[in-house]
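Student: Quick one, work04.cif (mmCIF, N, CA and C atoms):
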data_query
#
loop_
_atom_site.label_atom_id
_atom_site.label_comp_id
_atom_site.auth_asym_id
_atom_site.auth_seq_id
_atom_site.Cartn_x
_atom_site.Cartn_y
_atom_site.Cartn_z
N MET A 1 113.89 88.99 106.83
CA MET A 1 114.45 88.72 105.51
C MET A 1 115.03 87.31 105.52
N LEU A 2 114.74 86.55 104.50
CA LEU A 2 115.30 85.20 104.36
C LEU A 2 116.72 85.28 103.81
N ASP A 3 117.56 84.32 104.20
CA ASP A 3 118.88 84.20 103.57
C ASP A 3 118.67 83.98 102.08
N GLY A 4 119.48 84.62 101.27
CA GLY A 4 119.37 84.48 99.82
C GLY A 4 118.33 85.37 99.19
N VAL A 5 117.73 86.26 100.00
CA VAL A 5 116.76 87.24 99.48
C VAL A 5 117.26 88.61 99.92
N GLN A 6 117.27 89.54 98.98
CA GLN A 6 117.80 90.88 99.27
C GLN A 6 116.98 91.92 98.52
N VAL A 7 116.66 93.00 99.20
CA VAL A 7 116.02 94.14 98.56
C VAL A 7 117.11 95.19 98.31
N ILE A 8 117.20 95.63 97.07
CA ILE A 8 118.16 96.70 96.76
C ILE A 8 117.40 97.89 96.19
N ASN A 9 118.02 99.02 96.29
CA ASN A 9 117.52 100.24 95.66
C ASN A 9 118.56 100.67 94.64
N PRO A 10 118.39 100.21 93.39
CA PRO A 10 119.37 100.58 92.37
C PRO A 10 119.44 102.09 92.19
N GLN A 11 120.51 102.54 91.58
CA GLN A 11 120.68 103.97 91.34
C GLN A 11 119.48 104.49 90.55
N THR A 12 118.89 105.55 91.06
CA THR A 12 117.79 106.21 90.36
C THR A 12 118.12 107.69 90.24
N VAL A 13 117.96 108.19 89.04
CA VAL A 13 118.17 109.61 88.76
C VAL A 13 116.79 110.23 88.63
N TYR A 14 116.50 111.20 89.47
CA TYR A 14 115.21 111.89 89.45
C TYR A 14 115.41 113.28 88.86
N ASP A 15 114.65 113.60 87.83
CA ASP A 15 114.66 114.98 87.35
C ASP A 15 113.34 115.28 86.64
N TYR A 16 113.20 116.50 86.16
CA TYR A 16 111.94 116.98 85.60
C TYR A 16 111.50 116.20 84.36
N ARG A 17 112.42 115.46 83.71
CA ARG A 17 112.07 114.69 82.52
C ARG A 17 111.52 113.31 82.85
N GLY A 18 111.58 112.95 84.12
CA GLY A 18 111.14 111.63 84.56
C GLY A 18 112.28 110.93 85.28
N ASN A 19 111.97 109.81 85.86
CA ASN A 19 112.95 109.06 86.65
C ASN A 19 113.61 108.00 85.78
N LEU A 20 114.88 107.75 86.06
CA LEU A 20 115.66 106.75 85.35
C LEU A 20 116.32 105.85 86.40
N THR A 21 115.95 104.57 86.42
CA THR A 21 116.55 103.60 87.34
C THR A 21 117.41 102.64 86.54
N ILE A 22 118.60 102.36 87.09
CA ILE A 22 119.60 101.57 86.39
C ILE A 22 119.88 100.29 87.17
N ILE A 23 119.77 99.13 86.49
CA ILE A 23 120.13 97.83 87.08
C ILE A 23 121.13 97.18 86.14
N GLN A 24 122.33 96.95 86.66
CA GLN A 24 123.39 96.35 85.86
C GLN A 24 123.73 94.96 86.40
N GLY A 25 123.81 93.98 85.48
CA GLY A 25 124.18 92.63 85.86
C GLY A 25 125.60 92.57 86.38
N ASN A 26 125.82 91.74 87.39
CA ASN A 26 127.11 91.57 88.06
C ASN A 26 127.64 92.86 88.68
N TYR A 27 126.76 93.80 88.87
CA TYR A 27 127.13 95.04 89.56
C TYR A 27 126.06 95.35 90.60
N ASP A 28 124.86 95.66 90.16
CA ASP A 28 123.76 95.90 91.08
C ASP A 28 123.14 94.59 91.56
N ILE A 29 123.11 93.61 90.67
CA ILE A 29 122.60 92.28 91.02
C ILE A 29 123.72 91.27 90.80
N PRO A 30 123.70 90.16 91.56
CA PRO A 30 124.88 89.26 91.57
C PRO A 30 124.90 88.22 90.45
N PHE A 31 124.42 88.58 89.27
CA PHE A 31 124.44 87.64 88.15
C PHE A 31 124.36 88.38 86.83
N ASP A 32 124.80 87.69 85.76
CA ASP A 32 124.59 88.17 84.40
C ASP A 32 123.11 88.02 84.08
N ILE A 33 122.56 88.94 83.36
CA ILE A 33 121.16 88.86 82.95
C ILE A 33 121.10 88.15 81.60
N LYS A 34 120.49 86.96 81.59
CA LYS A 34 120.39 86.19 80.35
C LYS A 34 118.95 86.09 79.84
N ARG A 35 117.99 86.45 80.69
CA ARG A 35 116.58 86.40 80.26
C ARG A 35 115.82 87.48 80.99
N ILE A 36 114.92 88.11 80.28
CA ILE A 36 114.03 89.13 80.85
C ILE A 36 112.61 88.75 80.46
N TYR A 37 111.73 88.76 81.43
CA TYR A 37 110.31 88.56 81.11
C TYR A 37 109.48 89.42 82.05
N TYR A 38 108.23 89.61 81.70
CA TYR A 38 107.36 90.39 82.57
C TYR A 38 105.95 89.85 82.53
N ILE A 39 105.28 90.00 83.66
CA ILE A 39 103.90 89.57 83.85
C ILE A 39 103.05 90.84 83.87
N TRP A 40 102.01 90.85 83.05
CA TRP A 40 101.16 92.03 82.98
C TRP A 40 99.76 91.62 82.53
N ASN A 41 98.81 92.52 82.70
CA ASN A 41 97.42 92.32 82.30
C ASN A 41 96.80 91.09 82.98
N ASN A 42 97.17 90.86 84.22
CA ASN A 42 96.60 89.75 85.00
C ASN A 42 95.31 90.26 85.66
N VAL A 43 94.34 90.59 84.82
CA VAL A 43 93.11 91.22 85.31
C VAL A 43 92.30 90.27 86.20
N GLY A 44 92.47 88.95 86.02
CA GLY A 44 91.80 87.99 86.89
C GLY A 44 92.52 87.79 88.21
N LYS A 45 93.67 88.46 88.36
CA LYS A 45 94.49 88.36 89.56
C LYS A 45 94.84 86.92 89.91
N HIS A 46 95.13 86.13 88.88
CA HIS A 46 95.49 84.72 89.07
C HIS A 46 96.89 84.62 89.65
N PRO A 47 97.11 83.72 90.61
CA PRO A 47 98.46 83.57 91.16
C PRO A 47 99.42 83.05 90.10
N ARG A 48 100.67 83.43 90.24
CA ARG A 48 101.74 82.97 89.35
C ARG A 48 102.83 82.34 90.23
N GLY A 49 103.89 81.92 89.61
CA GLY A 49 104.97 81.28 90.37
C GLY A 49 104.56 79.85 90.69
N GLY A 50 104.59 79.50 91.97
CA GLY A 50 104.24 78.15 92.37
C GLY A 50 105.32 77.15 92.01
N HIS A 51 106.58 77.58 92.13
CA HIS A 51 107.70 76.71 91.81
C HIS A 51 108.98 77.26 92.44
N ALA A 52 110.03 76.45 92.33
CA ALA A 52 111.37 76.85 92.77
C ALA A 52 112.33 76.56 91.63
N HIS A 53 113.51 77.14 91.73
CA HIS A 53 114.57 76.90 90.76
C HIS A 53 115.78 76.31 91.47
N LYS A 54 116.41 75.34 90.84
CA LYS A 54 117.60 74.71 91.41
C LYS A 54 118.84 75.59 91.30
N SER A 55 118.98 76.31 90.18
CA SER A 55 120.20 77.12 90.00
C SER A 55 119.94 78.55 89.53
N LEU A 56 118.73 78.88 89.17
CA LEU A 56 118.41 80.20 88.61
C LEU A 56 118.31 81.27 89.68
N TRP A 57 118.96 82.40 89.46
CA TRP A 57 118.79 83.62 90.24
C TRP A 57 117.74 84.47 89.54
N GLN A 58 116.98 85.26 90.31
CA GLN A 58 115.99 86.16 89.73
C GLN A 58 116.00 87.49 90.49
N ALA A 59 115.65 88.54 89.76
CA ALA A 59 115.46 89.87 90.37
C ALA A 59 114.10 90.37 89.90
N PHE A 60 113.27 90.80 90.83
CA PHE A 60 111.89 91.20 90.58
C PHE A 60 111.72 92.70 90.81
N VAL A 61 111.05 93.35 89.86
CA VAL A 61 110.75 94.79 89.99
C VAL A 61 109.31 95.00 89.58
N ALA A 62 108.52 95.60 90.46
CA ALA A 62 107.15 95.99 90.09
C ALA A 62 107.26 97.31 89.33
N MET A 63 107.23 97.22 88.02
CA MET A 63 107.38 98.41 87.18
C MET A 63 106.18 99.34 87.31
N HIS A 64 105.03 98.77 87.55
CA HIS A 64 103.79 99.53 87.70
C HIS A 64 102.86 98.71 88.57
N GLY A 65 102.07 99.36 89.39
CA GLY A 65 101.14 98.63 90.23
C GLY A 65 101.85 97.88 91.35
N ALA A 66 101.21 96.79 91.80
CA ALA A 66 101.72 96.09 92.97
C ALA A 66 101.34 94.62 92.93
N CYS A 67 102.11 93.83 93.69
CA CYS A 67 101.79 92.42 93.91
C CYS A 67 102.53 91.97 95.16
N ILE A 68 102.25 90.75 95.58
CA ILE A 68 102.94 90.14 96.71
C ILE A 68 103.75 88.97 96.20
N LEU A 69 105.02 88.94 96.55
CA LEU A 69 105.91 87.83 96.22
C LEU A 69 106.22 87.10 97.52
N ALA A 70 105.70 85.88 97.66
CA ALA A 70 105.96 85.06 98.84
C ALA A 70 107.15 84.16 98.54
N ILE A 71 108.17 84.24 99.38
CA ILE A 71 109.37 83.43 99.21
C ILE A 71 109.47 82.47 100.40
N ASP A 72 109.75 81.23 100.09
CA ASP A 72 109.77 80.14 101.07
C ASP A 72 111.08 79.39 100.92
N ASN A 73 111.78 79.16 102.02
CA ASN A 73 113.04 78.41 101.96
C ASN A 73 112.90 76.98 102.46
N GLY A 74 111.67 76.52 102.64
CA GLY A 74 111.42 75.18 103.15
C GLY A 74 111.23 75.12 104.65
N HIS A 75 111.56 76.24 105.33
CA HIS A 75 111.41 76.33 106.78
C HIS A 75 110.58 77.55 107.18
N ARG A 76 110.65 78.56 106.34
CA ARG A 76 110.01 79.84 106.66
C ARG A 76 109.53 80.48 105.38
N ARG A 77 108.42 81.19 105.48
CA ARG A 77 107.83 81.88 104.32
C ARG A 77 107.65 83.35 104.70
N ILE A 78 108.08 84.24 103.79
CA ILE A 78 107.92 85.68 104.02
C ILE A 78 107.28 86.28 102.78
N ASP A 79 106.28 87.14 103.01
CA ASP A 79 105.64 87.89 101.93
C ASP A 79 106.34 89.22 101.75
N TYR A 80 106.69 89.54 100.53
CA TYR A 80 107.32 90.80 100.18
C TYR A 80 106.36 91.58 99.29
N ALA A 81 106.04 92.80 99.69
CA ALA A 81 105.19 93.67 98.88
C ALA A 81 106.06 94.35 97.83
N LEU A 82 105.71 94.15 96.58
CA LEU A 82 106.42 94.81 95.48
C LEU A 82 105.50 95.89 94.94
N ASN A 83 105.91 97.14 95.09
CA ASN A 83 105.06 98.26 94.67
C ASN A 83 105.83 99.53 94.33
N ASP A 84 107.15 99.39 94.19
CA ASP A 84 107.99 100.56 93.96
C ASP A 84 108.99 100.23 92.84
N PRO A 85 108.90 100.90 91.69
CA PRO A 85 109.82 100.58 90.59
C PRO A 85 111.28 100.95 90.90
N ALA A 86 111.54 101.62 92.00
CA ALA A 86 112.91 101.94 92.39
C ALA A 86 113.47 100.89 93.35
N GLU A 87 112.72 99.80 93.60
CA GLU A 87 113.19 98.70 94.43
C GLU A 87 113.28 97.42 93.61
N CYS A 88 114.24 96.60 93.96
CA CYS A 88 114.46 95.34 93.26
C CYS A 88 114.65 94.25 94.32
N LEU A 89 113.88 93.17 94.20
CA LEU A 89 114.00 92.05 95.12
C LEU A 89 114.79 90.95 94.42
N ILE A 90 115.94 90.59 94.99
CA ILE A 90 116.81 89.57 94.42
C ILE A 90 116.58 88.27 95.17
N VAL A 91 116.38 87.18 94.41
CA VAL A 91 116.10 85.88 95.01
C VAL A 91 117.10 84.86 94.47
N SER A 92 117.81 84.22 95.39
CA SER A 92 118.80 83.20 95.01
C SER A 92 118.09 81.89 94.68
N PRO A 93 118.82 80.92 94.12
CA PRO A 93 118.23 79.61 93.83
C PRO A 93 117.73 78.92 95.10
N ASN A 94 116.96 77.86 94.88
CA ASN A 94 116.45 77.00 95.96
C ASN A 94 115.43 77.69 96.86
N LYS A 95 114.70 78.63 96.31
CA LYS A 95 113.61 79.29 97.04
C LYS A 95 112.31 79.05 96.28
N TRP A 96 111.28 78.67 97.00
CA TRP A 96 109.94 78.51 96.42
C TRP A 96 109.31 79.90 96.34
N SER A 97 108.67 80.21 95.22
CA SER A 97 108.03 81.52 95.09
C SER A 97 106.58 81.38 94.64
N ASP A 98 105.75 82.20 95.24
CA ASP A 98 104.35 82.35 94.85
C ASP A 98 104.10 83.84 94.69
N ILE A 99 103.45 84.22 93.60
CA ILE A 99 103.16 85.63 93.34
C ILE A 99 101.65 85.76 93.32
N SER A 100 101.12 86.73 94.09
CA SER A 100 99.67 86.88 94.20
C SER A 100 99.31 88.34 94.45
N LYS A 101 98.02 88.55 94.61
CA LYS A 101 97.46 89.87 94.94
C LYS A 101 97.92 90.94 93.96
N PHE A 102 97.86 90.61 92.67
CA PHE A 102 98.23 91.56 91.63
C PHE A 102 97.20 92.69 91.58
N SER A 103 97.67 93.93 91.54
CA SER A 103 96.76 95.02 91.22
C SER A 103 96.43 94.89 89.73
N SER A 104 95.30 95.44 89.32
CA SER A 104 94.89 95.28 87.92
C SER A 104 95.86 95.93 86.94
N ASP A 105 96.67 96.88 87.43
CA ASP A 105 97.63 97.57 86.56
C ASP A 105 99.07 97.09 86.75
N CYS A 106 99.25 95.97 87.43
CA CYS A 106 100.60 95.50 87.76
C CYS A 106 101.37 95.06 86.51
N VAL A 107 102.61 95.52 86.43
CA VAL A 107 103.58 95.02 85.45
C VAL A 107 104.80 94.61 86.27
N LEU A 108 105.03 93.30 86.36
CA LEU A 108 106.12 92.75 87.14
C LEU A 108 107.23 92.29 86.21
N LEU A 109 108.39 92.95 86.31
CA LEU A 109 109.56 92.64 85.51
C LEU A 109 110.43 91.63 86.27
N VAL A 110 110.93 90.62 85.55
CA VAL A 110 111.82 89.64 86.15
C VAL A 110 113.08 89.53 85.31
N LEU A 111 114.22 89.69 85.96
CA LEU A 111 115.53 89.50 85.34
C LEU A 111 116.05 88.15 85.83
N ALA A 112 116.49 87.30 84.91
CA ALA A 112 116.90 85.95 85.28
C ALA A 112 118.33 85.68 84.84
N SER A 113 118.99 84.81 85.59
CA SER A 113 120.41 84.53 85.36
C SER A 113 120.66 83.53 84.23
N ASP A 114 119.61 82.93 83.69
CA ASP A 114 119.82 81.96 82.62
C ASP A 114 118.59 81.90 81.73
N ILE A 115 118.76 81.25 80.60
CA ILE A 115 117.63 81.04 79.69
C ILE A 115 116.70 80.00 80.31
N TYR A 116 115.50 79.88 79.74
CA TYR A 116 114.53 78.92 80.25
C TYR A 116 115.05 77.50 80.12
N ASP A 117 114.94 76.73 81.22
CA ASP A 117 115.33 75.33 81.23
C ASP A 117 114.38 74.60 82.17
N GLU A 118 113.47 73.83 81.63
CA GLU A 118 112.46 73.12 82.43
C GLU A 118 113.10 72.23 83.49
N LYS A 119 114.29 71.69 83.24
CA LYS A 119 114.96 70.82 84.21
C LYS A 119 115.37 71.56 85.48
N ASP A 120 115.41 72.89 85.43
CA ASP A 120 115.78 73.69 86.59
C ASP A 120 114.60 73.91 87.53
N TYR A 121 113.40 73.61 87.09
CA TYR A 121 112.19 73.88 87.88
C TYR A 121 111.85 72.73 88.81
N ILE A 122 111.34 73.08 89.98
CA ILE A 122 110.67 72.14 90.88
C ILE A 122 109.26 72.69 91.03
N ARG A 123 108.27 71.95 90.55
CA ARG A 123 106.89 72.46 90.49
C ARG A 123 105.96 71.83 91.53
N ASN A 124 106.48 70.90 92.32
CA ASN A 124 105.69 70.25 93.35
C ASN A 124 106.30 70.62 94.71
N TYR A 125 105.47 71.17 95.60
CA TYR A 125 106.00 71.69 96.87
C TYR A 125 106.59 70.57 97.74
N ASP A 126 105.96 69.41 97.79
CA ASP A 126 106.52 68.31 98.59
C ASP A 126 107.87 67.87 98.04
N GLU A 127 107.99 67.82 96.72
CA GLU A 127 109.27 67.51 96.09
C GLU A 127 110.31 68.58 96.45
N TYR A 128 109.88 69.84 96.47
CA TYR A 128 110.77 70.94 96.85
C TYR A 128 111.30 70.75 98.27
N LEU A 129 110.40 70.41 99.20
CA LEU A 129 110.82 70.21 100.59
C LEU A 129 111.85 69.09 100.69
N ARG A 130 111.65 68.00 99.97
CA ARG A 130 112.64 66.92 99.96
C ARG A 130 113.97 67.41 99.37
N TYR A 131 113.88 68.22 98.32
CA TYR A 131 115.08 68.73 97.66
C TYR A 131 115.90 69.62 98.59
N VAL A 132 115.26 70.56 99.28
CA VAL A 132 116.02 71.47 100.14
C VAL A 132 116.54 70.77 101.39
N GLN A 133 115.87 69.72 101.84
CA GLN A 133 116.39 68.96 102.98
C GLN A 133 117.70 68.27 102.61
N HIS A 134 117.83 67.85 101.35
CA HIS A 134 119.06 67.21 100.90
C HIS A 134 120.16 68.21 100.58
N GLU A 135 119.78 69.48 100.39
CA GLU A 135 120.78 70.53 100.07
C GLU A 135 121.53 70.99 101.30
N VAL A 136 120.97 70.76 102.48
CA VAL A 136 121.58 71.26 103.73
C VAL A 136 122.83 70.51 104.09
#
Since I need it in another form, could you write the structure as structure tokens?
Tutor:
Amino acid sequence: MLDGVQVINPQTVYDYRGNLTIIQGNYDIPFDIKRIYYIWNNVGKHPRGGHAHKSLWQAFVAMHGACILAIDNGHRRIDYALNDPAECLIVSPNKWSDISKFSSDCVLLVLASDIYDEKDYIRNYDEYLRYVQHEV
């Protein structure tokens, strides 16, 4: 596990009516939720991500299907299999992420700590490496 990356199992209530999983901002995850988005219908299995955030926190949940979320801190890269809607992968800022190997039925939910801000993105990996070297 990389520093700044955490897998949690939020409270899930299982009963005959179906399962209910609860994720609360600043309780289950370490930030207020200001943006929610999801990736779905990626039938071409095209990679997503390919960037880092300077200050944004994110929490990823594979609501349906599966994908691989590769997280890189500039020194080490770890692939995390997302395939369980009762698991949530929390990623702190300053991590490069690549999302790949989407199953055809994958629905990937992302909870973010802030609204979209292009200035928060680093989209070039070499630039990212220079950025994290200066953060140390």
Student: Fewer than 3 positions away in the same chain doesn't count, so skip those; otherwise give me all residues within 7 Å of stretch 44-57 of chain A, counting only C-alpha atoms, as a ChimeraX atom specification.
Tutor: /A:91-102,112-114,120-124
Student: Could you list the residues chosen by the PyMOL selection byres ((chain A and resi 67) around 7) in this structure as a short mmCIF file (atom, residue, chain, number, x, y, z; two decimals) with N, CA and C atoms, in the frame of the given file?
Tutor:
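part19.cif, freshly written:
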data_model
loop_
_atom_site.label_atom_id
_atom_site.label_comp_id
_atom_site.auth_asym_id
_atom_site.auth_seq_id
_atom_site.Cartn_x
_atom_site.Cartn_y
_atom_site.Cartn_z
N ALA A 62 108.52 95.60 90.46
CA ALA A 62 107.15 95.99 90.09
C ALA A 62 107.26 97.31 89.33
N GLY A 65 102.07 99.36 89.39
CA GLY A 65 101.14 98.63 90.23
C GLY A 65 101.85 97.88 91.35
N ALA A 66 101.21 96.79 91.80
CA ALA A 66 101.72 96.09 92.97
C ALA A 66 101.34 94.62 92.93
N ILE A 68 102.25 90.75 95.58
CA ILE A 68 102.94 90.14 96.71
C ILE A 68 103.75 88.97 96.20
N LEU A 69 105.02 88.94 96.55
CA LEU A 69 105.91 87.83 96.22
C LEU A 69 106.22 87.10 97.52
N TYR A 80 106.69 89.54 100.53
CA TYR A 80 107.32 90.80 100.18
C TYR A 80 106.36 91.58 99.29
N ALA A 81 106.04 92.80 99.69
CA ALA A 81 105.19 93.67 98.88
C ALA A 81 106.06 94.35 97.83
N LEU A 82 105.71 94.15 96.58
CA LEU A 82 106.42 94.81 95.48
C LEU A 82 105.50 95.89 94.94
N ASN A 83 105.91 97.14 95.09
CA ASN A 83 105.06 98.26 94.67
C ASN A 83 105.83 99.53 94.33
N ILE A 99 103.45 84.22 93.60
CA ILE A 99 103.16 85.63 93.34
C ILE A 99 101.65 85.76 93.32
N SER A 100 101.12 86.73 94.09
CA SER A 100 99.67 86.88 94.20
C SER A 100 99.31 88.34 94.45
N LYS A 101 98.02 88.55 94.61
CA LYS A 101 97.46 89.87 94.94
C LYS A 101 97.92 90.94 93.96
N PHE A 102 97.86 90.61 92.67
CA PHE A 102 98.23 91.56 91.63
C PHE A 102 97.20 92.69 91.58
N SER A 103 97.67 93.93 91.54
CA SER A 103 96.76 95.02 91.22
C SER A 103 96.43 94.89 89.73
N CYS A 106 99.25 95.97 87.43
CA CYS A 106 100.60 95.50 87.76
C CYS A 106 101.37 95.06 86.51
#
Student: Return as a PyMOL selection string the set of residues that the PyMOL selection byres (((chain A and resi 74 and name CA) around 7) and name CA) yields on the displayed structure.
Tutor: chain A and resi 72-73+75-76+129+132
Student: For A:Ile39, please output as an mmCIF file with N, CA and C atoms, in the coordinates of the input all residues within 7 Å (counting all atoms listed in the file; exclusion window: fewer than 2 positions along the same chain).
Tutor:
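Final output, saved to selection23.cif:
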data_model
loop_
_atom_site.group_PDB
_atom_site.id
_atom_site.type_symbol
_atom_site.label_atom_id
_atom_site.label_comp_id
_atom_site.auth_asym_id
_atom_site.auth_seq_id
_atom_site.Cartn_x
_atom_site.Cartn_y
_atom_site.Cartn_z
ATOM 1 N N TYR A 37 111.730 88.760 81.430
ATOM 2 C CA TYR A 37 110.310 88.560 81.110
ATOM 3 C C TYR A 37 109.480 89.420 82.050
ATOM 4 N N ASN A 41 98.810 92.520 82.700
ATOM 5 C CA ASN A 41 97.420 92.320 82.300
ATOM 6 C C ASN A 41 96.800 91.090 82.980
ATOM 7 N N ASN A 42 97.170 90.860 84.220
ATOM 8 C CA ASN A 42 96.600 89.750 85.000
ATOM 9 C C ASN A 42 95.310 90.260 85.660
ATOM 10 N N CYS A 106 99.250 95.970 87.430
ATOM 11 C CA CYS A 106 100.600 95.500 87.760
ATOM 12 C C CYS A 106 101.370 95.060 86.510
ATOM 13 N N VAL A 107 102.610 95.520 86.430
ATOM 14 C CA VAL A 107 103.580 95.020 85.450
ATOM 15 C C VAL A 107 104.800 94.610 86.270
ATOM 16 N N LEU A 108 105.030 93.300 86.360
ATOM 17 C CA LEU A 108 106.120 92.750 87.140
ATOM 18 C C LEU A 108 107.230 92.290 86.210
ATOM 19 N N LEU A 109 108.390 92.950 86.310
ATOM 20 C CA LEU A 109 109.560 92.640 85.510
ATOM 21 C C LEU A 109 110.430 91.630 86.270
ATOM 22 N N VAL A 110 110.930 90.620 85.550
ATOM 23 C CA VAL A 110 111.820 89.640 86.150
ATOM 24 C C VAL A 110 113.080 89.530 85.310
#
Student: Distance atom CA of A:Asp32-atom CA of A:Leu111, one decimal place?
Tutor: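 Interatomic distance, atom CA of A:Asp32 to atom CA of A:Leu111: 9.2 Å.
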Student: Kindly list the centre and edge lengths in Å, rounded to one decimal, for the axis-aligned box that covers all listed atoms of stretch 69-77 of chain A plus 5 Å on each of its six sides, as JSON.
Tutor:
{"center_x": 109.0, "center_y": 82.0, "center_z": 101.7, "size_x": 18.0, "size_y": 23.8, "size_z": 21.0}
Student: Just give me the gap between atom N of A:Pro10 and atom C of A:Ile33 in Å, one decimal is fine.
Tutor: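 One can read the atom N of A:Pro10 to atom C of A:Ile33 distance as 17.1 Å.
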Student: Nearest residue to A:Thr21 out of A:Lys34, A:Pro85, A:Ile71, A:Val5, using all atoms listed in the file?
Tutor: A:Pro85
